[in-house]
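Take a look at the structure set out below.
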Amino acid sequence: MAEITGIKEIIRPENLVYKRTKVMTDNILSYCPGCGHGTVHRILAEIIDEEGLQSETIGVSPVGCAVLMYNFLDIDCQEAAHGRAPAVATGIKRLLPDKFVFTYQGDGDLAAIGTAETIHACNRGENILMIFINNGIYGMTGGQMAPTTIPGMRSSTSPYGRDVKIMGNPLKMTDIVATLPGTYYVTRQSVHTPANVRRTKKAMRKAVQYQKLNRGACFIEIVSNCPSGWKMTPVESNKWMEENMIPFYPLGDLKTPPEEPASNLKPEAK
Amino acid sequence: MAKVRGSIVVDIEKCKGCEVCMVSCPTGTIAMAGEVNSKGYNYAWPANPDLCIGCANCAMVCPDGVITVYKTKI
Ligand SMILES: Cc1ncc(C[n+]2csc(CCOP(=O)(O)OP(=O)(O)O)c2C)c(N)n1
Ligand code: SF4
Ligand code: SF4
Ligand code: SF4
Ligand SMILES: [Mg+2]
């Protein structure tokens, strides 16, 4: 066998192991360098591609940094008013029950202004997937404190760190929706390491497949970073997230369907 | 013994120089370029291409999805 030495011999179609999915458009993402939003978009696009759902999917985009999601995913999308994505998705799914309908929302969108829509869509058991990007901050508007900002975390409106005595407690939305009878699968993941990306992809695939069963709402929280709002480099922000956010928001499945064995609630070692 | 060799291709113009791929590479293949792309980012590139094992870790974590990965046995 001829020995391969140069990279030209390796870069051949038959040796391809990974390339960007065609469900992502060619547009340059509007996100800051290192922002987890892009990674979550890509994972979702890969699942839509691999499950053959490109023409069956309708996404509902939020107000927040992901407001332009429809420019990056080559699927049908509807923009919702701030926090109202679950209500809009409810309408779409009820009119077009054969479609795969998801919402994509930040923590300011889903856990602050949209708290009522989130809780009631989950409690009603709407057959939609909700993807919740929790970066503990209002990224788009300049890094203000959100209901999800963890104790001691700095933001532009809690510059000395969140003091729960004055500013109240953070809200663990995913824990709340897991207690509601209308949710079918509830999980919390992250995308800051290759292993976590692979786990998130598995969880996302499960959620998409469960969605086809129409047995209620599926809910995926992604604990994510906001390097710009947190005023850190992307690599520092991922480290900070691992040391501070994930202990407060532990990764793993919070609710699995009856036939599913409950997977480990602790994050696996990397 | 079968040995794997990998190679990556970075879409330099779309790279934002976040360095997340570099710290996720188990073999030290990736470095940030001294030059910048037209947006002003020091882009990622396979500085030590012989070390790449095609594991796709870099592509998994790239928020902008700009890394393509190839792998072969030698
Ligand atoms: C009704 C209404 N209120 C407030 C705003 C201002 N606003 C825009 S985005 C945003 C919060 C975004 O934070 P989040 O949902 O966490 O998204 P991120 O940017 O962090 O991904 C707010 C308060 C708005 N656009 N509309
Ligand atoms: S402001 Fe934060 S959440 Fe928004 S794109 Fe930038 S890093 Fe991402
Ligand atoms: S494929 Fe693996 S070894 Fe090659 S550059 Fe990427 S992370 Fe490094
Ligand atoms: S992760 Fe992607 S965008 Fe970030 S430096 Fe690497 S190739 Fe560039
Ligand atoms: Mg946010």
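For the structure tokens, the naming scheme is as follows: chains receive sequential letters (A, B, ...) according to their order of presentation, residues are indexed from 1 within each chain, and ligands are indexed from 1 in presentation order.
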**OP:** Identify, counting only C-alpha atoms and all ligand atoms, the protein, DNA and RNA residues located within 10 Å of ligand 2, and give them as a PyMOL selection string.
**Re:** chain A and resi 29-38+64-66+106+133-143+224-234+237
Write a file of the just-selected residues containing C-alpha atoms, as a compact mmCIF listing (two decimals), in the first residue's frame.
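Saved result, selection38.txt, follows:
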# COMPACT_ATOMS: atom_id res chain seq x y z
CA LEU A 29 -23.60 33.89 11.50
CA SER A 30 -24.33 37.19 13.23
CA TYR A 31 -23.13 35.82 16.58
CA CYS A 32 -20.01 37.00 18.38
CA PRO A 33 -16.88 34.80 18.13
CA GLY A 34 -17.21 31.64 20.23
CA CYS A 35 -20.92 32.09 21.01
CA GLY A 36 -22.80 28.84 21.73
CA HIS A 37 -25.81 29.95 19.66
CA GLY A 38 -23.94 28.97 16.48
CA GLY A 64 -32.72 38.10 21.36
CA CYS A 65 -29.45 37.40 19.62
CA ALA A 66 -31.10 34.50 17.75
CA GLY A 106 -32.95 32.74 24.96
CA ILE A 133 -30.40 28.83 25.28
CA ASN A 134 -29.52 29.81 28.82
CA ASN A 135 -26.54 32.16 28.93
CA GLY A 136 -27.70 33.78 32.17
CA ILE A 137 -27.96 37.21 30.62
CA TYR A 138 -29.76 39.43 28.11
CA GLY A 139 -27.06 39.12 25.48
CA MET A 140 -28.59 41.15 22.68
CA THR A 141 -29.39 44.28 24.66
CA GLY A 142 -26.04 44.66 26.41
CA GLY A 143 -25.71 42.01 29.08
CA SER A 224 -24.45 28.41 27.04
CA ASN A 225 -21.96 31.24 27.08
CA CYS A 226 -22.09 34.93 26.18
CA PRO A 227 -18.45 35.97 25.84
CA SER A 228 -19.40 39.55 24.94
CA GLY A 229 -21.91 40.03 27.76
CA TRP A 230 -19.75 38.25 30.28
CA LYS A 231 -16.74 40.30 29.11
CA MET A 232 -14.49 37.27 28.66
CA THR A 233 -12.73 35.59 25.77
CA PRO A 234 -14.66 32.63 24.34
CA SER A 237 -16.23 32.04 29.09
**OP:** Report as a PyMOL selection string which protein, DNA and RNA residues come within 8 Å of ligand 3, using only C-alpha atoms and all ligand atoms.
**Re:** chain B and resi 6-8+21-22+24-30+46+49+51-59+69-70
**OP:** Name each residue within 8 Å of ligand 4, counting only C-alpha atoms and all ligand atoms, as an NGL selection string.
**Re:** (:A and (33-34)) or (:B and (10-12 or 14-22 or 32 or 42-45 or 58-59 or 61-67))
Could you write those residues out with N, CA, C and O atoms, as an mmCIF file, in the first residue's frame?
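Generated file (part_6.cif):
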data_model
loop_
_atom_site.group_PDB
_atom_site.id
_atom_site.type_symbol
_atom_site.label_atom_id
_atom_site.label_comp_id
_atom_site.auth_asym_id
_atom_site.auth_seq_id
_atom_site.Cartn_x
_atom_site.Cartn_y
_atom_site.Cartn_z
ATOM 1 N N PRO A 33 -17.789 35.951 18.154
ATOM 2 C CA PRO A 33 -16.879 34.801 18.132
ATOM 3 C C PRO A 33 -17.063 33.910 19.366
ATOM 4 O O PRO A 33 -17.167 34.406 20.485
ATOM 5 N N GLY A 34 -17.156 32.602 19.128
ATOM 6 C CA GLY A 34 -17.214 31.638 20.228
ATOM 7 C C GLY A 34 -18.558 31.490 20.894
ATOM 8 O O GLY A 34 -18.688 30.768 21.880
ATOM 9 N N VAL B 10 -10.135 24.691 6.921
ATOM 10 C CA VAL B 10 -10.856 25.780 7.593
ATOM 11 C C VAL B 10 -11.302 26.796 6.536
ATOM 12 O O VAL B 10 -10.509 27.209 5.696
ATOM 13 N N ASP B 11 -12.573 27.165 6.590
ATOM 14 C CA ASP B 11 -13.081 28.233 5.719
ATOM 15 C C ASP B 11 -12.632 29.556 6.357
ATOM 16 O O ASP B 11 -13.323 30.126 7.208
ATOM 17 N N ILE B 12 -11.468 29.986 5.953
ATOM 18 C CA ILE B 12 -10.767 31.084 6.626
ATOM 19 C C ILE B 12 -11.600 32.367 6.701
ATOM 20 O O ILE B 12 -11.645 33.047 7.723
ATOM 21 N N LYS B 14 -14.740 32.718 6.936
ATOM 22 C CA LYS B 14 -15.875 32.656 7.869
ATOM 23 C C LYS B 14 -15.434 32.395 9.304
ATOM 24 O O LYS B 14 -16.260 32.387 10.223
ATOM 25 N N CYS B 15 -14.144 32.124 9.506
ATOM 26 C CA CYS B 15 -13.633 31.865 10.862
ATOM 27 C C CYS B 15 -13.607 33.166 11.640
ATOM 28 O O CYS B 15 -13.257 34.217 11.117
ATOM 29 N N LYS B 16 -14.010 33.079 12.929
ATOM 30 C CA LYS B 16 -14.012 34.284 13.776
ATOM 31 C C LYS B 16 -12.891 34.272 14.804
ATOM 32 O O LYS B 16 -12.907 35.073 15.751
ATOM 33 N N GLY B 17 -11.962 33.349 14.674
ATOM 34 C CA GLY B 17 -10.783 33.370 15.542
ATOM 35 C C GLY B 17 -11.071 33.156 17.016
ATOM 36 O O GLY B 17 -10.339 33.653 17.870
ATOM 37 N N CYS B 18 -12.125 32.386 17.327
ATOM 38 C CA CYS B 18 -12.535 32.260 18.731
ATOM 39 C C CYS B 18 -11.619 31.355 19.552
ATOM 40 O O CYS B 18 -11.679 31.368 20.780
ATOM 41 N N GLU B 19 -10.835 30.520 18.901
ATOM 42 C CA GLU B 19 -9.858 29.624 19.540
ATOM 43 C C GLU B 19 -10.479 28.409 20.219
ATOM 44 O O GLU B 19 -9.778 27.617 20.851
ATOM 45 N N VAL B 20 -11.786 28.255 20.125
ATOM 46 C CA VAL B 20 -12.445 27.133 20.787
ATOM 47 C C VAL B 20 -11.984 25.798 20.176
ATOM 48 O O VAL B 20 -11.802 24.803 20.880
ATOM 49 N N CYS B 21 -11.752 25.801 18.861
ATOM 50 C CA CYS B 21 -11.278 24.582 18.198
ATOM 51 C C CYS B 21 -9.865 24.236 18.674
ATOM 52 O O CYS B 21 -9.548 23.073 18.935
ATOM 53 N N MET B 22 -9.034 25.256 18.791
ATOM 54 C CA MET B 22 -7.628 25.043 19.153
ATOM 55 C C MET B 22 -7.527 24.341 20.506
ATOM 56 O O MET B 22 -6.785 23.373 20.647
ATOM 57 N N MET B 32 -3.570 29.573 15.801
ATOM 58 C CA MET B 32 -4.184 30.752 15.209
ATOM 59 C C MET B 32 -3.140 31.437 14.323
ATOM 60 O O MET B 32 -1.976 31.580 14.714
ATOM 61 N N ASN B 42 -7.888 36.720 13.458
ATOM 62 C CA ASN B 42 -6.777 35.771 13.320
ATOM 63 C C ASN B 42 -7.392 34.373 13.220
ATOM 64 O O ASN B 42 -7.826 33.815 14.204
ATOM 65 N N TYR B 43 -7.418 33.855 12.023
ATOM 66 C CA TYR B 43 -8.139 32.608 11.781
ATOM 67 C C TYR B 43 -7.355 31.377 12.246
ATOM 68 O O TYR B 43 -6.140 31.427 12.437
ATOM 69 N N ALA B 44 -8.106 30.270 12.421
ATOM 70 C CA ALA B 44 -7.489 29.003 12.819
ATOM 71 C C ALA B 44 -6.916 28.312 11.585
ATOM 72 O O ALA B 44 -7.476 28.410 10.498
ATOM 73 N N TRP B 45 -5.817 27.602 11.762
ATOM 74 C CA TRP B 45 -5.271 26.827 10.646
ATOM 75 C C TRP B 45 -4.490 25.625 11.186
ATOM 76 O O TRP B 45 -4.040 25.636 12.338
ATOM 77 N N CYS B 58 -12.555 19.417 16.731
ATOM 78 C CA CYS B 58 -12.536 20.840 16.381
ATOM 79 C C CYS B 58 -13.828 21.233 15.675
ATOM 80 O O CYS B 58 -14.423 22.278 15.966
ATOM 81 N N ALA B 59 -14.263 20.378 14.751
ATOM 82 C CA ALA B 59 -15.473 20.679 13.981
ATOM 83 C C ALA B 59 -16.712 20.644 14.874
ATOM 84 O O ALA B 59 -17.651 21.421 14.683
ATOM 85 N N VAL B 61 -17.002 21.572 17.993
ATOM 86 C CA VAL B 61 -17.160 22.758 18.841
ATOM 87 C C VAL B 61 -17.139 24.069 18.065
ATOM 88 O O VAL B 61 -17.394 25.111 18.648
ATOM 89 N N CYS B 62 -16.839 24.044 16.778
ATOM 90 C CA CYS B 62 -16.738 25.305 16.029
ATOM 91 C C CYS B 62 -18.127 25.948 15.917
ATOM 92 O O CYS B 62 -19.000 25.426 15.228
ATOM 93 N N PRO B 63 -18.348 27.073 16.584
ATOM 94 C CA PRO B 63 -19.680 27.682 16.573
ATOM 95 C C PRO B 63 -20.102 28.133 15.176
ATOM 96 O O PRO B 63 -21.292 28.256 14.905
ATOM 97 N N ASP B 64 -19.131 28.382 14.320
ATOM 98 C CA ASP B 64 -19.463 28.890 12.996
ATOM 99 C C ASP B 64 -19.469 27.800 11.926
ATOM 100 O O ASP B 64 -19.729 28.093 10.749
ATOM 101 N N GLY B 65 -19.198 26.572 12.329
ATOM 102 C CA GLY B 65 -19.302 25.442 11.397
ATOM 103 C C GLY B 65 -18.424 25.605 10.181
ATOM 104 O O GLY B 65 -18.861 25.344 9.059
ATOM 105 N N VAL B 66 -17.187 26.028 10.381
ATOM 106 C CA VAL B 66 -16.335 26.322 9.223
ATOM 107 C C VAL B 66 -15.212 25.308 9.035
ATOM 108 O O VAL B 66 -14.335 25.514 8.208
ATOM 109 N N ILE B 67 -15.259 24.202 9.792
ATOM 110 C CA ILE B 67 -14.191 23.202 9.666
ATOM 111 C C ILE B 67 -14.718 21.944 8.986
ATOM 112 O O ILE B 67 -15.766 21.414 9.365
#
**OP:** Within 10 Å of chain B, which residues of chain A are there when counting only C-alpha atoms? Please give them as an NGL selection string.
**Re:** :A and (1-21 or 24 or 26-43 or 191-198 or 227 or 233-236 or 238)
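CA of Lys39 in chain B lies 29.7 Å from CA of Arg154 in chain A.
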**OP:** Step one, run DSSP on the backbone; step two, keep only residues of range 7-119 of chain A assigned to alpha helix (DSSP H); then write them as a ChimeraX atom specification.
**Re:** /A:36-50,69-72,85-95,107-108,115-119
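Across the structure, atom 9 (S, counted along the ligand's line) of ligand 1 and CA of Pro62 in chain A are spaced 8.4 Å apart.
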**OP:** Write out as a PyMOL selection string all residues of range 41-268 of chain A that backbone DSSP assigns to strand (DSSP E or B).
**Re:** chain A and resi 57-61+73+76-79+100-106+129-134+137-138+144-145+155+158+183-190+217-223+252-255
Original post:
Any idea what's packed within 9 Å of Val101 in chain A, counting only C-alpha atoms, ignoring anything in its chain fewer than 4 positions away? Could you give it as a PyMOL selection string?
Top reply: chain A and resi 56-60+89-90+92-93+97+127-130+211
Original post:
Between CA of Ser190 in chain A and CA of Val223 in chain A, what is the spacing in Å?
Top reply: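 Going from CA of Val223 in chain A over to CA of Ser190 in chain A covers 5.0 Å.
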**OP:** Can you pull out every residue within 9 Å of Ala112 in chain A, counting only C-alpha atoms, but drop anything in the same chain fewer than 2 positions away, and send it as a VMD selection string?
**Re:** chain A and resid 83 107 to 110 114 to 116 146 to 148
Keeping only all heavy atoms, take the residues you just selected and write them out as a compact mmCIF listing (two decimals), in the first residue's frame.
# COMPACT_ATOMS: atom_id res chain seq x y z
N GLY A 83 -40.78 36.57 23.67
CA GLY A 83 -41.32 35.63 24.65
C GLY A 83 -42.53 34.85 24.19
O GLY A 83 -42.98 33.93 24.88
N ASP A 107 -32.82 32.96 27.35
CA ASP A 107 -33.37 32.95 28.72
C ASP A 107 -34.18 34.21 29.01
O ASP A 107 -35.17 34.16 29.75
CB ASP A 107 -32.26 32.76 29.75
CG ASP A 107 -31.06 33.66 29.52
OD1 ASP A 107 -30.63 33.80 28.36
OD2 ASP A 107 -30.54 34.24 30.49
N GLY A 108 -33.79 35.34 28.42
CA GLY A 108 -34.59 36.54 28.62
C GLY A 108 -35.95 36.37 27.95
O GLY A 108 -36.99 36.79 28.47
N ASP A 109 -35.94 35.70 26.81
CA ASP A 109 -37.17 35.47 26.05
C ASP A 109 -38.06 34.43 26.74
O ASP A 109 -39.23 34.67 27.00
CB ASP A 109 -36.75 34.99 24.64
CG ASP A 109 -37.89 35.00 23.64
OD1 ASP A 109 -38.14 36.06 23.03
OD2 ASP A 109 -38.52 33.95 23.46
N LEU A 110 -37.47 33.29 27.06
CA LEU A 110 -38.25 32.14 27.55
C LEU A 110 -38.55 32.21 29.04
O LEU A 110 -39.59 31.73 29.49
CB LEU A 110 -37.51 30.85 27.19
CG LEU A 110 -38.11 29.51 27.60
CD1 LEU A 110 -37.83 28.45 26.54
CD2 LEU A 110 -37.59 29.03 28.95
N GLY A 114 -41.41 35.81 28.59
CA GLY A 114 -42.26 34.73 28.07
C GLY A 114 -42.56 33.64 29.07
O GLY A 114 -43.00 32.55 28.67
N THR A 115 -42.38 33.90 30.35
CA THR A 115 -42.59 32.85 31.36
C THR A 115 -43.98 32.21 31.25
O THR A 115 -44.12 30.98 31.29
CB THR A 115 -42.40 33.43 32.78
OG1 THR A 115 -41.15 34.10 32.82
CG2 THR A 115 -42.44 32.35 33.84
N ALA A 116 -44.99 33.03 31.09
CA ALA A 116 -46.36 32.50 31.04
C ALA A 116 -46.55 31.59 29.83
O ALA A 116 -47.09 30.48 29.94
CB ALA A 116 -47.37 33.64 31.00
N ALA A 146 -30.66 38.71 34.04
CA ALA A 146 -31.86 37.98 33.63
C ALA A 146 -32.36 37.19 34.85
O ALA A 146 -31.65 37.07 35.84
CB ALA A 146 -31.52 37.03 32.49
N PRO A 147 -33.57 36.61 34.77
CA PRO A 147 -34.01 35.75 35.88
C PRO A 147 -33.04 34.58 36.10
O PRO A 147 -33.01 34.00 37.17
CB PRO A 147 -35.38 35.24 35.41
CG PRO A 147 -35.84 36.26 34.44
CD PRO A 147 -34.62 36.78 33.76
N THR A 148 -32.30 34.21 35.07
CA THR A 148 -31.40 33.06 35.11
C THR A 148 -29.99 33.41 35.59
O THR A 148 -29.18 32.50 35.76
CB THR A 148 -31.28 32.51 33.69
OG1 THR A 148 -31.07 33.64 32.84
CG2 THR A 148 -32.53 31.78 33.26
